[in-house]
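**Student:** This is final.txt, which holds compact mmCIF, C-alpha atoms:
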```txt
# COMPACT_ATOMS: atom_id res chain seq x y z
CA MET A 1 -54.94 -57.74 61.23
CA LYS A 2 -55.95 -60.44 58.78
CA ASN A 3 -57.04 -63.69 60.41
CA THR A 4 -54.80 -66.59 59.41
CA PRO A 5 -55.80 -70.14 60.38
CA ASP A 6 -53.42 -69.91 63.36
CA THR A 7 -54.67 -66.55 64.64
CA GLU A 8 -58.24 -67.72 64.19
CA PHE A 9 -57.41 -70.85 66.18
CA ARG A 10 -56.08 -68.72 69.04
CA THR A 11 -58.79 -66.04 69.14
CA THR A 12 -61.57 -68.59 68.85
CA TYR A 13 -61.05 -69.98 72.32
CA HIS A 14 -60.29 -66.72 74.10
CA ASP A 15 -62.49 -64.02 72.59
CA HIS A 16 -65.01 -65.59 70.27
CA ILE A 17 -67.97 -67.89 70.56
CA ARG A 18 -67.02 -71.49 69.89
CA ASN A 19 -69.93 -72.29 67.61
CA ASP A 20 -68.39 -75.68 66.86
CA VAL A 21 -68.63 -76.60 70.55
CA LEU A 22 -72.13 -75.37 71.32
CA PRO A 23 -73.94 -78.34 69.69
CA HIS A 24 -72.04 -80.68 72.01
CA ILE A 25 -73.07 -78.96 75.24
CA PRO A 26 -76.02 -80.89 76.70
CA LYS A 27 -79.14 -79.07 77.82
CA THR A 28 -78.80 -79.69 81.53
CA GLY A 29 -79.84 -76.46 83.17
CA GLY A 30 -77.82 -75.63 86.26
CA GLN A 31 -74.32 -74.20 86.10
CA LEU A 32 -71.60 -74.16 83.47
CA LEU A 33 -67.96 -73.36 84.21
CA ASP A 34 -65.69 -72.39 81.32
CA LEU A 35 -62.16 -73.24 82.45
CA GLY A 36 -59.71 -70.83 80.84
CA GLY A 37 -62.73 -69.28 79.17
CA GLY A 38 -61.35 -65.80 78.49
CA VAL A 39 -64.17 -63.25 78.42
CA GLY A 40 -66.80 -65.99 78.62
CA ALA A 41 -68.35 -65.58 75.16
CA THR A 42 -68.97 -69.29 74.64
CA ALA A 43 -70.34 -69.78 78.14
CA PHE A 44 -72.75 -66.87 77.70
CA ALA A 45 -73.88 -68.18 74.31
CA ALA A 46 -74.72 -71.52 75.96
CA LYS A 47 -76.88 -69.66 78.48
CA GLU A 48 -78.58 -67.63 75.77
CA MET A 49 -79.45 -70.91 74.01
CA GLY A 50 -81.11 -72.17 77.18
CA LEU A 51 -78.63 -75.02 77.67
CA VAL A 52 -77.74 -73.92 81.20
CA ASP A 53 -79.07 -71.40 83.70
CA GLN A 54 -75.89 -69.83 85.10
CA VAL A 55 -72.43 -69.47 83.57
CA GLY A 56 -69.00 -68.30 84.60
CA VAL A 57 -65.30 -68.58 83.89
CA ALA A 58 -62.17 -69.47 85.81
CA ASP A 59 -59.11 -68.05 84.10
CA LEU A 60 -55.60 -66.86 84.78
CA VAL A 61 -56.56 -63.58 83.08
CA ASP A 62 -58.54 -60.98 85.01
CA ASN A 63 -62.08 -60.90 83.61
CA THR A 64 -63.28 -57.91 85.63
CA ASP A 65 -63.62 -55.59 82.62
CA SER A 66 -65.51 -58.07 80.47
CA LYS A 67 -68.65 -56.60 78.92
CA ILE A 68 -70.27 -60.03 78.90
CA ASP A 69 -72.81 -60.50 81.67
CA LEU A 70 -71.53 -63.61 83.47
CA ASP A 71 -73.03 -64.97 86.67
CA PHE A 72 -69.60 -65.54 88.22
CA SER A 73 -65.92 -65.12 87.42
CA PHE A 74 -62.77 -66.27 89.19
CA GLN A 75 -59.12 -65.43 88.53
CA GLY A 76 -56.37 -67.86 89.42
CA ASN A 77 -53.92 -70.55 88.38
CA LEU A 78 -55.81 -73.32 86.58
CA GLU A 79 -53.25 -75.92 87.68
CA ASP A 80 -53.62 -75.02 91.34
CA ALA A 81 -56.01 -77.61 92.78
CA SER A 82 -56.84 -75.26 95.64
CA PHE A 83 -58.02 -72.64 93.13
CA ILE A 84 -60.49 -75.03 91.54
CA ASP A 85 -61.54 -76.16 95.02
CA HIS A 86 -62.19 -72.50 95.87
CA VAL A 87 -64.40 -72.06 92.80
CA ILE A 88 -66.44 -75.14 93.71
CA SER A 89 -66.68 -74.14 97.37
CA GLN A 90 -68.19 -70.82 96.26
CA ARG A 91 -70.46 -72.10 93.49
CA GLY A 92 -71.05 -75.79 94.19
CA LYS A 93 -70.43 -78.63 91.79
CA MET A 94 -71.04 -78.00 88.10
CA ASP A 95 -73.42 -79.50 85.57
CA VAL A 96 -71.10 -78.71 82.69
CA ILE A 97 -67.42 -77.82 82.54
CA LEU A 98 -65.76 -76.57 79.36
CA ALA A 99 -62.02 -77.06 78.87
CA LEU A 100 -61.53 -75.63 75.39
CA ASP A 101 -57.98 -75.58 74.06
CA ILE A 102 -56.62 -75.36 77.60
CA LEU A 103 -55.47 -78.83 78.70
CA GLU A 104 -52.54 -78.92 76.28
CA HIS A 105 -51.12 -75.80 77.96
CA LEU A 106 -50.88 -77.45 81.39
CA VAL A 107 -47.95 -79.25 83.00
CA ASP A 108 -50.19 -82.01 84.33
CA PRO A 109 -53.49 -82.04 82.44
CA TRP A 110 -54.27 -85.50 83.87
CA ALA A 111 -54.34 -84.08 87.40
CA THR A 112 -56.53 -81.22 86.18
CA VAL A 113 -58.98 -83.62 84.53
CA LYS A 114 -59.18 -85.56 87.80
CA LYS A 115 -59.97 -82.35 89.68
CA LEU A 116 -62.59 -81.37 87.10
CA HIS A 117 -64.15 -84.83 87.41
CA GLU A 118 -64.45 -84.26 91.16
CA SER A 119 -66.02 -80.87 90.44
CA LEU A 120 -68.88 -82.28 88.35
CA LYS A 121 -72.25 -83.28 89.71
CA PRO A 122 -73.32 -86.89 89.12
CA GLY A 123 -74.36 -86.96 85.49
CA GLY A 124 -72.36 -83.79 84.82
CA VAL A 125 -70.43 -83.40 81.58
CA LEU A 126 -66.91 -82.30 80.68
CA VAL A 127 -66.52 -80.90 77.16
CA ALA A 128 -62.91 -80.56 76.04
CA SER A 129 -61.35 -79.48 72.77
CA ILE A 130 -57.79 -80.62 72.14
CA PRO A 131 -55.53 -79.90 69.12
CA ASN A 132 -54.47 -82.82 66.92
CA VAL A 133 -50.69 -82.95 66.53
CA ARG A 134 -51.08 -85.41 63.63
CA ASN A 135 -52.47 -82.58 61.50
CA TYR A 136 -50.53 -82.07 58.28
CA ARG A 137 -49.49 -78.56 59.31
CA ALA A 138 -47.33 -80.06 62.05
CA LEU A 139 -46.55 -83.45 60.53
CA PHE A 140 -45.46 -82.63 56.98
CA PRO A 141 -42.74 -80.10 57.91
CA LEU A 142 -41.39 -82.65 60.41
CA LEU A 143 -41.35 -85.54 57.92
CA PHE A 144 -40.22 -83.75 54.79
CA LYS A 145 -38.26 -80.72 56.04
CA ASN A 146 -36.98 -81.89 59.44
CA GLN A 147 -38.76 -78.89 60.98
CA TRP A 148 -40.71 -78.60 64.21
CA THR A 149 -41.29 -74.86 64.46
CA TYR A 150 -43.17 -73.39 67.38
CA ARG A 151 -45.48 -70.47 66.60
CA ASP A 152 -47.49 -67.82 68.42
CA ALA A 153 -50.72 -69.77 67.95
CA GLY A 154 -52.16 -72.92 66.43
CA ILE A 155 -51.24 -76.58 66.80
CA LEU A 156 -47.57 -75.76 67.48
CA ASP A 157 -48.34 -72.88 69.84
CA ARG A 158 -45.15 -72.26 71.77
CA THR A 159 -47.11 -72.40 75.04
CA HIS A 160 -48.32 -75.97 74.39
CA LEU A 161 -46.67 -78.37 76.81
CA ARG A 162 -48.52 -81.56 75.81
CA PHE A 163 -49.44 -82.98 72.42
CA PHE A 164 -52.26 -85.35 71.54
CA VAL A 165 -53.85 -87.35 68.75
CA ARG A 166 -57.44 -88.59 68.78
CA ALA A 167 -56.81 -91.71 70.88
CA THR A 168 -54.67 -89.98 73.49
CA ALA A 169 -57.07 -87.03 73.71
CA MET A 170 -59.82 -89.50 74.60
CA GLU A 171 -57.51 -91.26 77.06
CA LEU A 172 -56.74 -87.96 78.77
CA VAL A 173 -60.38 -87.00 79.18
CA SER A 174 -61.33 -90.47 80.48
CA SER A 175 -58.20 -90.92 82.63
CA SER A 176 -60.02 -90.25 85.93
CA GLY A 177 -63.01 -92.43 85.12
CA LEU A 178 -65.25 -90.13 83.10
CA LYS A 179 -67.07 -92.00 80.34
CA VAL A 180 -66.42 -90.62 76.86
CA GLU A 181 -69.76 -90.30 75.06
CA ASN A 182 -68.67 -88.60 71.86
CA THR A 183 -65.53 -87.50 70.03
CA VAL A 184 -65.72 -85.41 66.88
CA SER A 185 -63.23 -83.48 64.80
CA SER A 186 -63.59 -79.74 64.50
CA ALA A 187 -62.26 -76.89 62.37
CA VAL A 188 -61.00 -79.04 59.49
CA GLY A 189 -60.17 -76.14 57.19
CA GLY A 190 -61.38 -74.63 53.93
CA GLY A 191 -62.87 -75.94 50.71
CA LYS A 192 -59.73 -77.72 49.47
CA ILE A 193 -59.39 -79.67 52.72
CA LYS A 194 -63.07 -80.61 52.66
CA LEU A 195 -62.74 -81.77 49.03
CA PHE A 196 -59.68 -83.84 49.94
CA ARG A 197 -61.58 -85.48 52.79
CA THR A 198 -64.46 -86.32 50.47
CA MET A 199 -62.27 -87.66 47.66
CA THR A 200 -60.26 -89.86 50.01
CA LEU A 201 -63.43 -91.26 51.61
CA GLY A 202 -62.29 -90.17 55.06
CA LEU A 203 -59.26 -92.49 55.05
CA PHE A 204 -56.86 -89.63 55.82
CA ASN A 205 -59.09 -87.48 58.00
CA SER A 206 -56.72 -87.72 60.94
CA PHE A 207 -54.16 -85.71 58.93
CA THR A 208 -56.60 -82.84 58.39
CA ASP A 209 -58.40 -82.83 61.76
CA ARG A 210 -57.25 -79.68 63.53
CA GLN A 211 -58.70 -80.61 66.92
CA TYR A 212 -61.06 -82.97 68.68
CA ILE A 213 -64.09 -82.17 70.78
CA VAL A 214 -64.42 -84.84 73.46
CA VAL A 215 -67.59 -85.10 75.55
CA ALA A 216 -67.41 -87.19 78.74
CA ARG A 217 -69.87 -87.78 81.56
CA ASN A 218 -69.53 -88.34 85.28
CA GLU A 219 -71.49 -91.54 85.78
CA ALA A 220 -71.22 -91.50 89.58
CA SER A 221 -74.62 -91.96 91.22
```
Taking this structure as input, can you express it in the form of structure tokens?
**Tutor:**
Amino acid sequence: MKNTPDTEFRTTYHDHIRNDVLPHIPKTGGQLLDLGGGVGATAFAAKEMGLVDQVGVADLVDNTDSKIDLDFSFQGNLEDASFIDHVISQRGKMDVILALDILEHLVDPWATVKKLHESLKPGGVLVASIPNVRNYRALFPLLFKNQWTYRDAGILDRTHLRFFVRATAMELVSSSGLKVENTVSSAVGGGKIKLFRTMTLGLFNSFTDRQYIVVARNEAS
């Protein structure tokens, strides 16, 4: 099957290494938990790069048959606070937690962020990637065609329950008291989009940003 931008957006977070995220994972050592991390490809890549020492996933999907050599894996409902508590009781608090294209699928992502905050060590980091609903692929059909069409993947994934722009993505990640250290756009598109961004001097970047990577730290001592 040919990869369209939407299918690529979906497979990137479940099966493939998120190379756009790896530069934003701090070199902390210790443990990394990839929440909703699929087979754990990104988590394992972070370990291979020497960013962390041990990696694992917590996902609704059974990861038993994964060929990736993870240090731990848990299956359960990501919105069930007791499930996350169980993971932490077994592994201890985390140095890094990844929440890549997962928060927008949850009924109450604010409660989940709070629980993830509690699951970080002091100085630990949450790295989230969140789709940008202001992207032209969603906005233009709404403005000019009166269309808001859900799809199997992408910004208007039919399983998305919450929608964010840059400011509200940052507000979500910092809602429990984590300090946002960096927010960058990711996966902006092909050559034409990059040319448009250059020619418009970045004034309309928010219409071509597909998602935001937000890095926030637990400053508790």
**Student:** Considering all atoms listed in the file, can you say which of A:Ser66, A:Gln75, A:Gln147, A:Ser175 comes closest to Ala111 in chain A?
**Tutor:**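 Looking at the shortest contact to Ala111 in chain A, the residue is A:Ser175.
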**Student:** What is the distance between CA of Pro131 in chain A and CA of Asp152 in chain A, in Å to one decimal?
**Tutor:** 14.5 Å
**Student:** In Å, how far is it from CA of Ile102 in chain A to CA of Ile155 in chain A?
**Tutor:**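 Separation of CA of Ile102 in chain A and CA of Ile155 in chain A: 12.1 Å.
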**Student:** How far is it from CA of Ala99 in chain A to CA of Ser129 in chain A, in Å with one decimal?
**Tutor:**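 Computing the Euclidean distance for CA of Ala99 in chain A and CA of Ser129 in chain A yields 6.6 Å.
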**Student:** Counting all atoms listed in the file, find the residues whose atoms lie at most 12 Å from (-72.1, -69.4, 74.0) (file coordinates) and write them out as a ChimeraX atom specification.
**Tutor:** /A:12-13,15-25,32-34,37,39-52,54-56,68-70,98
**Student:** Identify which of the residues A:Phe144, A:Phe164, A:Tyr136, A:Trp110 lies closest to Leu178 in chain A, counting only C-alpha atoms when measuring atom-to-atom distances.
**Tutor:**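 Checking each of A:Phe144, A:Phe164, A:Tyr136, A:Trp110 against Leu178 in chain A, counting only C-alpha atoms, the winner is A:Trp110.
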**Student:** With distances taken over only C-alpha atoms, which of A:Lys121, A:Lys115, A:Arg210, A:Arg197 is nearest to Leu156 in chain A?
**Tutor:**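 The shortest atom-to-atom distance to Leu156 in chain A comes from A:Arg210.
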**Student:** Report the closest atom pair, with its distance in Å rounded to one decimal, for each residue of range 28-66 of chain A that has an atom no farther than 10 Å from range 78-82 of chain A; count only C-alpha atoms, sort by chain and then rising residue number, and write it as a Markdown table.
**Tutor:**
```
| residue | atom | partner | partner_atom | distance |
| --- | --- | --- | --- | --- |
| A:Leu35 | CA | A:Leu78 | CA | 7.6 |
| A:Gly36 | CA | A:Leu78 | CA | 7.4 |
| A:Ala58 | CA | A:Leu78 | CA | 7.5 |
| A:Asp59 | CA | A:Leu78 | CA | 6.7 |
| A:Leu60 | CA | A:Leu78 | CA | 6.7 |
```
**Student:** Counting only C-alpha atoms, which residue out of A:Asn218, A:Thr149, A:Asn135, A:Thr64 sits closest to Ser185 in chain A?
**Tutor:**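 Counting only C-alpha atoms, the residue closest to Ser185 in chain A is A:Asn135.
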